$ cat final_9.txt   # compact mmCIF, C-alpha atoms and all ligand atoms
# COMPACT_ATOMS: atom_id res chain seq x y z
CA MET A 170 -34.59 -22.20 -127.57
CA THR A 171 -33.03 -23.80 -124.47
CA LYS A 172 -34.37 -22.53 -121.18
CA HIS A 173 -31.95 -20.70 -118.87
CA PHE A 174 -31.17 -22.77 -115.80
CA LYS A 175 -29.05 -22.65 -112.67
CA ALA A 176 -27.88 -25.33 -110.25
CA GLY A 177 -29.97 -25.49 -107.09
CA ILE A 178 -30.33 -27.55 -103.91
CA ILE A 179 -33.47 -29.63 -104.47
CA GLY A 180 -33.24 -32.02 -101.51
CA THR A 181 -31.44 -32.41 -98.19
CA GLY A 182 -30.95 -35.12 -95.57
CA SER A 183 -28.95 -35.78 -92.44
CA ALA A 184 -28.05 -38.60 -90.07
CA PHE A 185 -26.45 -38.98 -86.66
CA PRO A 186 -25.23 -41.89 -84.57
CA GLU A 187 -27.48 -42.87 -81.64
CA LYS A 188 -25.00 -42.23 -78.85
CA LYS A 189 -24.35 -38.79 -77.37
CA LEU A 190 -21.31 -37.57 -75.49
CA THR A 191 -22.16 -34.73 -73.11
CA ASN A 192 -19.86 -32.19 -71.48
CA PHE A 193 -20.53 -34.01 -68.21
CA ASP A 194 -19.24 -37.26 -69.78
CA LEU A 195 -16.09 -35.40 -70.86
CA GLU A 196 -15.59 -34.09 -67.32
CA LYS A 197 -14.95 -37.72 -66.33
CA MET A 198 -12.42 -38.25 -69.13
CA VAL A 199 -10.23 -35.14 -69.12
CA GLU A 200 -9.58 -32.06 -66.96
CA THR A 201 -12.42 -29.86 -68.17
CA SER A 202 -15.86 -28.67 -67.08
CA ASP A 203 -19.29 -28.20 -68.58
CA GLU A 204 -19.00 -24.54 -67.62
CA TRP A 205 -15.71 -24.03 -69.54
CA ILE A 206 -16.90 -25.84 -72.66
CA SER A 207 -20.32 -24.12 -72.72
CA LYS A 208 -18.92 -20.63 -72.14
CA ARG A 209 -15.92 -20.87 -74.46
CA THR A 210 -17.50 -22.83 -77.32
CA GLY A 211 -21.32 -22.96 -77.00
CA ILE A 212 -21.22 -26.77 -77.17
CA LYS A 213 -23.21 -28.89 -74.69
CA GLU A 214 -23.18 -32.30 -76.35
CA ARG A 215 -22.16 -34.07 -79.55
CA PHE A 216 -22.90 -37.41 -81.21
CA ILE A 217 -20.32 -40.18 -81.12
CA ILE A 218 -20.20 -43.00 -83.65
CA ASP A 219 -20.15 -46.59 -82.41
CA GLU A 220 -16.82 -48.39 -82.75
CA ASN A 221 -18.38 -51.04 -84.99
CA MET A 222 -20.24 -48.69 -87.33
CA PRO A 223 -18.64 -47.59 -90.61
CA LEU A 224 -19.03 -43.89 -91.41
CA SER A 225 -20.42 -44.96 -94.80
CA VAL A 226 -23.59 -46.19 -93.05
CA LEU A 227 -24.30 -42.68 -91.70
CA ALA A 228 -23.34 -41.09 -95.03
CA SER A 229 -25.67 -43.44 -96.91
CA GLU A 230 -28.57 -42.77 -94.52
CA ALA A 231 -28.23 -39.00 -95.04
CA SER A 232 -27.91 -39.56 -98.81
CA LYS A 233 -31.05 -41.70 -99.08
CA LYS A 234 -33.03 -39.03 -97.20
CA ALA A 235 -31.71 -36.29 -99.50
CA VAL A 236 -32.62 -38.25 -102.65
CA GLU A 237 -36.11 -38.93 -101.26
CA ASP A 238 -36.51 -35.26 -100.31
CA ALA A 239 -35.48 -34.28 -103.85
CA GLY A 240 -38.22 -36.50 -105.26
CA ILE A 241 -35.95 -38.24 -107.78
CA ASN A 242 -34.92 -41.87 -108.25
CA VAL A 243 -31.52 -42.93 -106.98
CA GLU A 244 -30.71 -44.12 -110.54
CA ASP A 245 -31.02 -40.47 -111.68
CA ILE A 246 -27.93 -39.49 -109.65
CA ASP A 247 -25.01 -39.25 -112.10
CA LEU A 248 -22.28 -38.07 -109.70
CA ILE A 249 -21.58 -38.47 -105.98
CA ILE A 250 -19.12 -36.12 -104.32
CA ALA A 251 -18.34 -37.09 -100.73
CA THR A 252 -16.53 -34.62 -98.49
CA THR A 253 -14.69 -35.97 -95.48
CA ILE A 254 -11.40 -35.93 -93.59
CA THR A 255 -12.28 -39.10 -91.69
CA PRO A 256 -13.18 -41.69 -94.34
CA ASP A 257 -13.38 -45.37 -93.37
CA TYR A 258 -10.90 -46.17 -96.13
CA LEU A 259 -8.86 -44.03 -98.51
CA SER A 260 -9.76 -46.64 -101.10
CA PRO A 261 -12.54 -47.35 -101.77
CA SER A 262 -13.51 -43.72 -101.31
CA LEU A 263 -16.46 -42.82 -99.10
CA ALA A 264 -18.33 -41.74 -102.26
CA CYS A 265 -17.88 -45.22 -103.77
CA CYS A 266 -19.13 -46.88 -100.55
CA VAL A 267 -22.22 -44.65 -100.62
CA GLN A 268 -22.74 -45.39 -104.32
CA LYS A 269 -22.84 -49.11 -103.49
CA ASP A 270 -24.99 -48.78 -100.36
CA ILE A 271 -27.70 -46.63 -101.92
CA GLY A 272 -27.64 -48.37 -105.33
CA ALA A 273 -26.73 -45.26 -107.36
CA ILE A 274 -25.62 -47.46 -110.26
CA ASN A 275 -25.38 -44.63 -112.79
CA ALA A 276 -23.19 -42.37 -110.68
CA ALA A 277 -19.48 -41.65 -110.84
CA ALA A 278 -18.04 -41.13 -107.37
CA PHE A 279 -15.09 -39.46 -105.68
CA ASP A 280 -14.05 -37.80 -102.39
CA VAL A 281 -13.00 -34.22 -101.72
CA ASN A 282 -10.78 -33.10 -98.85
CA ALA A 283 -11.13 -29.41 -98.06
CA ALA A 284 -11.61 -30.13 -94.32
CA CYS A 285 -14.49 -28.14 -92.80
CA THR A 286 -14.93 -26.17 -96.05
CA GLY A 287 -15.61 -29.40 -97.98
CA PHE A 288 -19.31 -28.84 -98.59
CA VAL A 289 -18.81 -25.33 -100.00
CA TYR A 290 -15.97 -26.59 -102.25
CA ALA A 291 -18.17 -29.45 -103.49
CA LEU A 292 -21.01 -27.03 -104.11
CA GLN A 293 -18.88 -25.02 -106.52
CA MET A 294 -17.84 -28.18 -108.39
CA ALA A 295 -21.45 -29.31 -108.60
CA GLN A 296 -22.57 -25.89 -109.82
CA GLY A 297 -19.97 -25.88 -112.60
CA LEU A 298 -20.75 -29.43 -113.70
CA ILE A 299 -24.49 -28.81 -113.81
CA VAL A 300 -24.47 -25.39 -115.46
CA SER A 301 -22.09 -26.71 -118.14
CA GLY A 302 -24.50 -29.58 -118.78
CA ILE A 303 -21.93 -32.29 -117.93
CA HIS A 304 -24.02 -33.71 -115.06
CA LYS A 305 -27.73 -33.52 -114.24
CA ASN A 306 -28.19 -34.67 -110.64
CA ILE A 307 -25.27 -34.54 -108.21
CA LEU A 308 -25.37 -35.90 -104.67
CA ILE A 309 -23.03 -34.15 -102.25
CA VAL A 310 -22.62 -36.08 -99.02
CA SER A 311 -20.53 -34.61 -96.23
CA ALA A 312 -19.82 -37.06 -93.43
CA GLU A 313 -17.40 -37.08 -90.53
CA ALA A 314 -16.38 -39.35 -87.68
CA LEU A 315 -14.10 -36.87 -85.95
CA THR A 316 -14.32 -38.60 -82.58
CA ARG A 317 -12.16 -41.31 -84.24
CA ALA A 318 -9.50 -38.69 -84.98
CA VAL A 319 -9.16 -37.03 -81.56
CA ASP A 320 -7.04 -37.86 -78.57
CA PHE A 321 -9.49 -38.01 -75.66
CA LYS A 322 -6.62 -36.96 -73.37
CA ASP A 323 -6.17 -33.65 -75.25
CA ARG A 324 -8.71 -31.19 -73.81
CA ASN A 325 -7.77 -28.59 -76.44
CA THR A 326 -9.46 -30.66 -79.15
CA CYS A 327 -11.55 -33.52 -77.74
CA VAL A 328 -14.30 -31.25 -76.37
CA LEU A 329 -14.93 -29.63 -79.76
CA PHE A 330 -15.61 -32.35 -82.28
CA GLY A 331 -18.53 -34.69 -83.01
CA ASP A 332 -19.83 -37.06 -85.67
CA GLY A 333 -22.61 -36.76 -88.24
CA ALA A 334 -23.57 -36.63 -91.91
CA GLY A 335 -25.43 -34.18 -94.14
CA ALA A 336 -26.35 -34.53 -97.80
CA ALA A 337 -27.80 -32.41 -100.59
CA VAL A 338 -28.96 -33.11 -104.15
CA ILE A 339 -27.93 -30.45 -106.66
CA SER A 340 -29.83 -30.33 -109.94
CA ARG A 341 -30.96 -28.00 -112.72
CA VAL A 342 -33.52 -25.42 -111.61
CA GLU A 343 -35.33 -23.23 -114.09
CA ASP A 344 -37.29 -20.87 -111.81
CA GLY A 345 -34.57 -18.27 -111.22
CA THR A 346 -33.53 -19.73 -107.84
CA GLY A 347 -30.30 -21.65 -107.26
CA ILE A 348 -26.63 -21.11 -106.52
CA GLU A 349 -25.86 -17.49 -107.40
CA SER A 350 -22.18 -17.38 -106.65
CA VAL A 351 -19.35 -19.22 -104.86
CA HIS A 352 -16.05 -17.78 -103.64
CA LEU A 353 -13.30 -20.20 -102.54
CA GLY A 354 -9.80 -19.76 -101.21
CA ALA A 355 -6.91 -21.42 -99.41
CA ILE A 356 -3.92 -20.28 -97.37
CA GLY A 357 -1.61 -23.31 -97.51
CA GLU A 358 1.07 -21.31 -95.76
CA MET A 359 -0.97 -21.56 -92.55
CA GLY A 360 -1.58 -25.32 -92.92
CA SER A 361 0.51 -26.28 -89.91
CA VAL A 362 -1.95 -24.75 -87.40
CA LEU A 363 -4.36 -27.67 -87.85
CA THR A 364 -3.02 -31.08 -88.83
CA ILE A 365 -4.06 -34.74 -89.05
CA PRO A 366 -1.18 -36.88 -90.33
CA CYS A 367 -1.84 -39.79 -92.65
CA PHE A 368 1.06 -41.92 -93.99
CA TYR A 369 3.85 -39.45 -93.20
CA SER A 370 4.45 -36.77 -90.60
CA THR A 371 7.40 -34.65 -89.53
CA GLU A 372 9.18 -35.27 -86.25
CA GLU A 373 8.05 -31.85 -85.06
CA ASP A 374 4.46 -32.78 -85.78
CA ARG A 375 4.81 -36.12 -83.95
CA SER A 376 6.30 -34.37 -80.92
CA LYS A 377 3.15 -32.26 -80.52
CA ARG A 378 1.04 -35.37 -80.00
CA GLY A 379 0.69 -37.80 -77.13
CA GLU A 380 2.44 -41.20 -77.05
CA GLY A 381 1.01 -43.54 -79.71
CA MET A 382 -1.31 -40.79 -80.99
CA ASP A 383 0.38 -40.15 -84.34
CA ARG A 384 -2.79 -39.75 -86.40
CA VAL A 385 -4.98 -37.50 -84.27
CA ILE A 386 -5.97 -33.85 -84.73
CA TRP A 387 -3.54 -31.26 -83.43
CA MET A 388 -4.62 -27.65 -83.48
CA ASP A 389 -3.35 -24.26 -82.43
CA GLY A 390 -6.80 -23.15 -81.31
CA SER A 391 -6.04 -19.45 -80.88
CA GLU A 392 -4.48 -19.13 -84.38
CA VAL A 393 -7.47 -20.86 -85.95
CA PHE A 394 -9.83 -18.72 -83.87
CA VAL A 395 -8.34 -15.43 -85.09
CA PHE A 396 -8.24 -16.62 -88.73
CA ALA A 397 -11.81 -17.93 -88.54
CA SER A 398 -13.32 -14.77 -87.02
CA ARG A 399 -11.78 -12.65 -89.79
CA ILE A 400 -12.31 -14.96 -92.76
CA MET A 401 -15.99 -15.63 -92.02
CA SER A 402 -16.82 -11.95 -92.42
CA ASP A 403 -14.30 -11.30 -95.24
CA ALA A 404 -15.58 -14.25 -97.32
CA THR A 405 -19.18 -13.17 -96.73
CA ILE A 406 -18.41 -9.61 -97.87
CA SER A 407 -16.59 -10.97 -100.98
CA ILE A 408 -19.54 -13.09 -101.98
CA LEU A 409 -22.01 -10.25 -101.47
CA GLU A 410 -19.89 -8.00 -103.69
CA LYS A 411 -19.51 -10.71 -106.33
CA ALA A 412 -23.29 -11.23 -106.41
CA ASN A 413 -24.04 -7.50 -106.13
CA THR A 414 -26.26 -8.17 -103.09
CA HIS A 415 -26.66 -6.33 -99.75
CA ILE A 416 -26.37 -8.14 -96.41
CA ASP A 417 -29.90 -6.92 -95.51
CA ASP A 418 -31.26 -9.04 -98.38
CA ILE A 419 -29.88 -12.20 -96.78
CA LYS A 420 -32.43 -14.14 -94.73
CA TYR A 421 -29.96 -16.42 -92.93
CA ILE A 422 -26.25 -17.05 -92.77
CA PHE A 423 -25.36 -20.74 -92.43
CA PRO A 424 -21.83 -20.74 -91.04
CA HIS A 425 -19.56 -23.69 -90.34
CA GLN A 426 -20.24 -24.59 -86.70
CA ALA A 427 -16.91 -24.44 -84.87
CA ASN A 428 -17.36 -22.12 -81.90
CA ILE A 429 -20.26 -19.81 -81.00
CA ARG A 430 -17.79 -17.01 -80.24
CA ILE A 431 -16.45 -17.21 -83.83
CA LEU A 432 -20.03 -16.88 -85.13
CA GLN A 433 -20.69 -13.95 -82.78
CA ASN A 434 -17.49 -12.18 -83.88
CA ALA A 435 -18.34 -12.62 -87.55
CA ALA A 436 -21.95 -11.48 -87.00
CA LYS A 437 -20.70 -8.37 -85.19
CA ARG A 438 -18.27 -7.50 -87.99
CA LEU A 439 -21.07 -7.91 -90.53
CA GLY A 440 -23.65 -6.02 -88.44
CA VAL A 441 -26.05 -8.97 -88.54
CA PRO A 442 -28.10 -10.00 -85.46
CA MET A 443 -27.49 -13.54 -84.21
CA GLU A 444 -31.14 -14.44 -84.99
CA ARG A 445 -30.10 -14.45 -88.65
CA VAL A 446 -27.07 -16.67 -88.03
CA TYR A 447 -28.11 -20.33 -87.90
CA SER A 448 -26.51 -22.43 -85.16
CA ASN A 449 -26.89 -25.97 -83.85
CA LEU A 450 -23.51 -26.11 -82.11
CA GLU A 451 -25.06 -26.78 -78.73
CA THR A 452 -26.21 -30.25 -79.76
CA THR A 453 -23.76 -31.31 -82.48
CA GLY A 454 -20.38 -29.72 -81.73
CA ASN A 455 -18.06 -29.26 -84.69
CA ILE A 456 -18.83 -31.90 -87.34
CA SER A 457 -16.50 -30.37 -89.92
CA SER A 458 -17.79 -30.43 -93.51
CA ALA A 459 -21.08 -32.02 -92.43
CA SER A 460 -22.11 -28.97 -90.40
CA ILE A 461 -23.54 -26.79 -93.19
CA PRO A 462 -25.65 -29.46 -94.96
CA VAL A 463 -26.92 -30.68 -91.58
CA CYS A 464 -27.93 -27.11 -90.64
CA LEU A 465 -29.64 -26.62 -94.02
CA ASP A 466 -31.56 -29.87 -93.58
CA GLU A 467 -32.65 -28.90 -90.06
CA ALA A 468 -33.80 -25.44 -91.16
CA SER A 469 -35.62 -26.89 -94.15
CA LYS A 470 -37.42 -29.51 -92.01
CA LYS A 471 -38.33 -26.79 -89.47
CA LYS A 472 -39.92 -24.87 -92.39
CA MET A 473 -37.67 -21.88 -91.78
CA LEU A 474 -36.83 -21.57 -95.48
CA GLN A 475 -39.01 -20.46 -98.35
CA LYS A 476 -38.39 -20.64 -102.07
CA GLY A 477 -36.30 -17.67 -103.18
CA ASP A 478 -34.85 -16.91 -99.73
CA LYS A 479 -31.30 -15.67 -100.10
CA LEU A 480 -28.83 -17.56 -97.90
CA ILE A 481 -25.10 -17.36 -97.32
CA LEU A 482 -23.18 -20.56 -96.61
CA VAL A 483 -19.73 -19.78 -95.22
CA ALA A 484 -16.98 -22.03 -93.92
CA PHE A 485 -13.30 -22.25 -92.98
CA GLY A 486 -11.13 -25.14 -91.97
CA GLY A 487 -7.92 -27.12 -92.11
CA GLY A 488 -5.64 -26.46 -95.03
CA LEU A 489 -6.33 -23.67 -94.29
CA THR A 490 -9.32 -23.40 -96.58
CA TYR A 491 -12.30 -21.08 -96.73
CA GLY A 492 -15.31 -20.47 -98.89
CA ALA A 493 -18.69 -18.79 -99.14
CA SER A 494 -21.68 -19.27 -101.36
CA LEU A 495 -24.80 -17.22 -102.01
CA VAL A 496 -27.80 -19.42 -102.64
CA SER A 497 -31.37 -18.58 -103.52
CA TRP A 498 -33.30 -21.46 -101.91
CA SER A 499 -34.92 -23.72 -104.51
CA LYS A 500 -37.30 -25.90 -102.48
O1 LIG B 1 -13.36 -26.42 -87.64
C1 LIG B 1 -12.20 -25.66 -87.57
C2 LIG B 1 -11.31 -26.05 -86.46
N1 LIG B 1 -11.38 -25.51 -85.18
C3 LIG B 1 -11.78 -24.31 -84.70
O2 LIG B 1 -12.41 -23.53 -85.32
C4 LIG B 1 -11.38 -23.96 -83.31
C5 LIG B 1 -10.98 -22.52 -83.15
N2 LIG B 1 -10.52 -22.23 -81.80
C6 LIG B 1 -11.34 -22.23 -80.74
O3 LIG B 1 -12.53 -22.48 -80.86
C7 LIG B 1 -10.77 -21.83 -79.40
O4 LIG B 1 -9.49 -21.29 -79.57
C8 LIG B 1 -10.70 -23.02 -78.39
C9 LIG B 1 -12.10 -23.43 -77.97
C10 LIG B 1 -9.98 -24.20 -79.00
C11 LIG B 1 -9.93 -22.58 -77.12
O5 LIG B 1 -10.59 -21.46 -76.54
P1 LIG B 1 -9.77 -20.19 -76.09
O6 LIG B 1 -10.72 -19.27 -75.44
O7 LIG B 1 -9.01 -19.71 -77.30
O8 LIG B 1 -8.82 -20.78 -74.98
P2 LIG B 1 -7.22 -20.78 -74.93
O9 LIG B 1 -6.69 -21.77 -75.92
O10 LIG B 1 -6.72 -19.38 -74.96
O11 LIG B 1 -6.99 -21.37 -73.48
C12 LIG B 1 -7.40 -20.67 -72.31
C13 LIG B 1 -7.20 -21.58 -71.12
C14 LIG B 1 -5.85 -22.29 -71.10
O12 LIG B 1 -5.40 -22.36 -69.76
P3 LIG B 1 -4.32 -21.34 -69.16
O13 LIG B 1 -3.12 -21.52 -70.03
O14 LIG B 1 -4.96 -19.97 -69.31
O15 LIG B 1 -4.17 -21.79 -67.75
C15 LIG B 1 -6.15 -23.65 -71.62
O16 LIG B 1 -5.23 -24.62 -71.16
O17 LIG B 1 -8.18 -22.62 -71.15
C16 LIG B 1 -7.52 -23.88 -71.03
N3 LIG B 1 -8.29 -24.91 -71.73
C17 LIG B 1 -9.27 -25.60 -71.14
N4 LIG B 1 -9.76 -25.59 -69.89
C18 LIG B 1 -10.78 -26.42 -69.61
C19 LIG B 1 -8.19 -25.29 -73.02
N5 LIG B 1 -9.09 -26.24 -73.29
C20 LIG B 1 -9.78 -26.46 -72.13
C21 LIG B 1 -10.84 -27.31 -71.77
N6 LIG B 1 -11.31 -27.26 -70.50
N7 LIG B 1 -11.40 -28.16 -72.66
$ encode --input "final_9.txt" --output "structure tokens"
Amino acid sequence: MTKHFKAGIIGTGSAFPEKKLTNFDLEKMVETSDEWISKRTGIKERFIIDENMPLSVLASEASKKAVEDAGINVEDIDLIIATTITPDYLSPSLACCVQKDIGAINAAAFDVNAACTGFVYALQMAQGLIVSGIHKNILIVSAEALTRAVDFKDRNTCVLFGDGAGAAVISRVEDGTGIESVHLGAIGEMGSVLTIPCFYSTEEDRSKRGEGMDRVIWMDGSEVFVFASRIMSDATISILEKANTHIDDIKYIFPHQANIRILQNAAKRLGVPMERVYSNLETTGNISSASIPVCLDEASKKKMLQKGDKLILVAFGGGLTYGASLVSWSK
């Protein structure tokens, strides 16, 4: 008889560029202050990728660490899903660059764009592909170089974003732990509140941006803020209902790190103390889809997680997209 198995996270890794950009550095670049940024966002500093460094280098570093942490050989990886909205190239995909760099010769590879929700989207794909038996060991690598996609003259966006990479290996687990449930959604109708043009953009969209800044992030911060505060708690409640689990049984919530006030609002709505809401915003800023795997890796390395701990991963982002997952920790 075949043993019952689930898909679980069996290894994590992360990587950051060397250089940091502090709020005090930003004070010299744009009309802002450390006090405003700290109070309104919770961010103090973020990492900034060097001009000459491809994002794939960071993504590959995080991936190698995750594979090592998982205790498997890189040749055992049979699929790489990279999530990013700031790839070095559209082709080859970031996933293919990582495949080459780490020598994952037996892996298929493709990129996913679900903006900041990318990791949670990829997690559902990985779960389905593993539980169905199609793949055995999937590497998800979420990497972003958002400082390359902001206008450093636009104080509404440039103070928020940073660069970094997080990775996780998803494999069969047979001990009852693993991904319990994932709930995804999108509200395309609200897509225009956060845009990054690529090969085409409307005149209206171009007029929102500074001269010669056609391909940078533009965001209606307040609209995103209201959506985010609501969706973080709604998606969490949906996933708890789907998995028939109570919020008190959740050890930690790992939310997408966008703004500490969004996390506080969601925690309040859910009646969860902030000690159970993981945050590293102060030192990383918003690193889009990389934020959840980076947080998981940090918490794992700090020995905050034990096998069987129930965790909620919850994110929202451009698209607009959102998603939540309930995971029973497998390491
Ligand atoms: O990953 C998903 C994507 N992004 C997000 O989740 C972001 C969601 N939104 C937010 O986090 C917040 O809306 C922001 C941090 C972007 C803005 O905070 P806010 O408290 O909503 O500020 P606001 O947009 O209502 O602006 C308040 C004031 C304005 O000045 P006036 O019009 O009141 O004179 C802004 O011009 O703050 C001003 N302001 C700034 N001042 C200093 C906006 N950005 C800055 C800044 N430094 N960097």
$ residues_near_ligand --input "final_9.txt" --ligand "ligand LIG 1 (chain B)" --cutoff "9 Å" --atoms "all atoms listed in the file" --output "number ranges by chain"
A: 195-196, 199-206, 208-210, 284-286, 323-330, 363, 388-398, 425-431, 455-458, 484-487
$ closest_residue --input "final_9.txt" --among "A:Lys500, A:Lys472, A:Lys420, A:Arg445" --to "A:Val338" --atoms "all atoms listed in the file"
A:Lys500
$ closest_residue --input "final_9.txt" --among "A:Ala184, A:Val385, A:Ala435, A:Leu465" --to "A:Asp403" --atoms "all atoms listed in the file"
A:Ala435
$ residues_around --input "final_9.txt" --residues "stretch 224-232 of chain A" --least-positions-apart "2" --cutoff "8 Å" --atoms "only C-alpha atoms" --output "list in words"
Thr181, Gly182, Ser183, Ala184, Phe185, Pro186, Ile218, Met222, Lys234, Ala235, Val236, Pro256, Asp257, Leu263, Cys266, Val267, Asp270, Ile271, Leu308, Val310, Ser311, Ala312, Glu313, Ala314, Gly333, Ala334, Gly335, Ala336 and Ala337 of chain A
$ atom_distance --input "final_9.txt" --atom1 "atom CA of A:Arg378" --atom2 "atom CA of A:Gly360"
16.6 Å
$ closest_residue --input "final_9.txt" --among "A:Ile178, A:Ile309, A:Val342, A:Val496" --to "A:Ala412" --atoms "only C-alpha atoms"
A:Val496
$ closest_residue --input "final_9.txt" --among "A:Leu439, A:Ile406, A:Leu315, A:Leu480" --to "A:Gly454" --atoms "only C-alpha atoms"
A:Leu315
$ closest_residue --input "final_9.txt" --among "A:Thr490, A:Thr346, A:Ser260, A:Ser407" --to "A:Asn282" --atoms "all atoms listed in the file"
A:Thr490
$ closest_residue --input "final_9.txt" --among "A:Lys322, A:Lys197, A:Lys189, A:Arg215" --to "A:Thr452" --atoms "only C-alpha atoms"
A:Arg215
$ axis_aligned_box --input "final_9.txt" --around "stretch 491-499 of chain A" --padding-each-side "8 Å" --output "AutoDock Vina command-line options"
--center_x -23.6 --center_y -20.5 --center_z -100.6 --size_x 38.6 --size_y 22.5 --size_z 23.8
$ closest_atom_pairs --input "final_9.txt" --of "stretch 313-350 of chain A" --to "stretch 299-302 of chain A" --cutoff "12 Å" --atoms "all atoms listed in the file" --output "Markdown table"
| residue | atom | partner | partner_atom | distance |
| --- | --- | --- | --- | --- |
| A:Val338 | CA | A:Ile299 | CA | 11.5 |
| A:Ile339 | CA | A:Ile299 | CA | 8.1 |
| A:Ser340 | CA | A:Ile299 | CA | 6.8 |
| A:Arg341 | CA | A:Ile299 | CA | 6.6 |
| A:Val342 | CA | A:Val300 | CA | 9.8 |
| A:Glu343 | CA | A:Val300 | CA | 11.2 |
| A:Gly347 | CA | A:Val300 | CA | 10.7 |
| A:Ile348 | CA | A:Val300 | CA | 10.1 |
| A:Glu349 | CA | A:Val300 | CA | 11.4 |
$ atom_distance --input "final_9.txt" --atom1 "atom CA of A:Pro261" --atom2 "atom CA of A:Met382"
24.5 Å
$ residues_around --input "final_9.txt" --residues "A:Ala468" --least-positions-apart "4" --cutoff "10 Å" --atoms "only C-alpha atoms" --output "PyMOL selection string"
chain A and resi 421+423+447-448+462-464+472-474
$ residues_around --input "final_9.txt" --residues "A:Cys265" --least-positions-apart "4" --cutoff "7 Å" --atoms "all atoms listed in the file" --output "list in words"
Pro261, Lys269, Ala278 and Phe279 of chain A
$ residues_near_point --input "final_9.txt" --point "(-17.1, -18.7, -94.7)" --cutoff "7 Å" --atoms "all atoms listed in the file" --output "list in words"
Ile400, Met401, Ala404, Thr405, Pro424, Leu482, Val483, Ala484, Phe485, Tyr491, Gly492 and Ala493 of chain A
$ decode --input "final_9.txt" --residues "stretch 320-324 of chain A" --atoms "all heavy atoms" --output "PDB file, in the first residue's frame"
ATOM      1  N   ASP A 320      11.543  55.023  -8.917  1.00  0.00           N
ATOM      2  CA  ASP A 320      12.064  56.347  -9.243  1.00  0.00           C
ATOM      3  C   ASP A 320      12.516  56.955  -7.914  1.00  0.00           C
ATOM      4  O   ASP A 320      11.687  57.213  -7.037  1.00  0.00           O
ATOM      5  CB  ASP A 320      10.919  57.169  -9.873  1.00  0.00           C
ATOM      6  CG  ASP A 320      11.325  58.609 -10.147  1.00  0.00           C
ATOM      7  OD1 ASP A 320      12.472  58.983  -9.817  1.00  0.00           O
ATOM      8  OD2 ASP A 320      10.475  59.352 -10.688  1.00  0.00           O
ATOM      9  N   PHE A 321      13.815  57.169  -7.763  1.00  0.00           N
ATOM     10  CA  PHE A 321      14.315  57.694  -6.488  1.00  0.00           C
ATOM     11  C   PHE A 321      13.982  59.180  -6.280  1.00  0.00           C
ATOM     12  O   PHE A 321      14.436  59.790  -5.331  1.00  0.00           O
ATOM     13  CB  PHE A 321      15.803  57.394  -6.320  1.00  0.00           C
ATOM     14  CG  PHE A 321      16.040  55.999  -5.779  1.00  0.00           C
ATOM     15  CD1 PHE A 321      16.407  54.953  -6.608  1.00  0.00           C
ATOM     16  CD2 PHE A 321      15.815  55.722  -4.426  1.00  0.00           C
ATOM     17  CE1 PHE A 321      16.578  53.661  -6.110  1.00  0.00           C
ATOM     18  CE2 PHE A 321      15.973  54.441  -3.922  1.00  0.00           C
ATOM     19  CZ  PHE A 321      16.362  53.406  -4.765  1.00  0.00           C
ATOM     20  N   LYS A 322      13.145  59.718  -7.175  1.00  0.00           N
ATOM     21  CA  LYS A 322      12.623  61.078  -6.951  1.00  0.00           C
ATOM     22  C   LYS A 322      11.181  60.998  -6.438  1.00  0.00           C
ATOM     23  O   LYS A 322      10.594  62.007  -6.077  1.00  0.00           O
ATOM     24  CB  LYS A 322      12.648  61.873  -8.254  1.00  0.00           C
ATOM     25  CG  LYS A 322      14.048  62.236  -8.723  1.00  0.00           C
ATOM     26  CD  LYS A 322      13.940  63.339  -9.775  1.00  0.00           C
ATOM     27  CE  LYS A 322      15.248  63.545 -10.492  1.00  0.00           C
ATOM     28  NZ  LYS A 322      15.480  62.528 -11.549  1.00  0.00           N
ATOM     29  N   ASP A 323      10.591  59.794  -6.434  1.00  0.00           N
ATOM     30  CA  ASP A 323       9.195  59.628  -6.007  1.00  0.00           C
ATOM     31  C   ASP A 323       9.153  59.107  -4.560  1.00  0.00           C
ATOM     32  O   ASP A 323       9.290  57.904  -4.310  1.00  0.00           O
ATOM     33  CB  ASP A 323       8.489  58.649  -6.967  1.00  0.00           C
ATOM     34  CG  ASP A 323       7.044  58.371  -6.549  1.00  0.00           C
ATOM     35  OD1 ASP A 323       6.535  59.069  -5.631  1.00  0.00           O
ATOM     36  OD2 ASP A 323       6.429  57.443  -7.114  1.00  0.00           O
ATOM     37  N   ARG A 324       8.935  60.025  -3.632  1.00  0.00           N
ATOM     38  CA  ARG A 324       8.987  59.630  -2.202  1.00  0.00           C
ATOM     39  C   ARG A 324       7.846  58.697  -1.801  1.00  0.00           C
ATOM     40  O   ARG A 324       7.892  58.062  -0.750  1.00  0.00           O
ATOM     41  CB  ARG A 324       9.006  60.872  -1.310  1.00  0.00           C
ATOM     42  CG  ARG A 324       7.713  61.672  -1.325  1.00  0.00           C
ATOM     43  CD  ARG A 324       7.792  62.836  -0.366  1.00  0.00           C
ATOM     44  NE  ARG A 324       6.525  63.537  -0.286  1.00  0.00           N
ATOM     45  CZ  ARG A 324       6.297  64.556   0.502  1.00  0.00           C
ATOM     46  NH1 ARG A 324       7.270  65.017   1.269  1.00  0.00           N
ATOM     47  NH2 ARG A 324       5.126  65.133   0.552  1.00  0.00           N
TER      48      ARG A 324
END
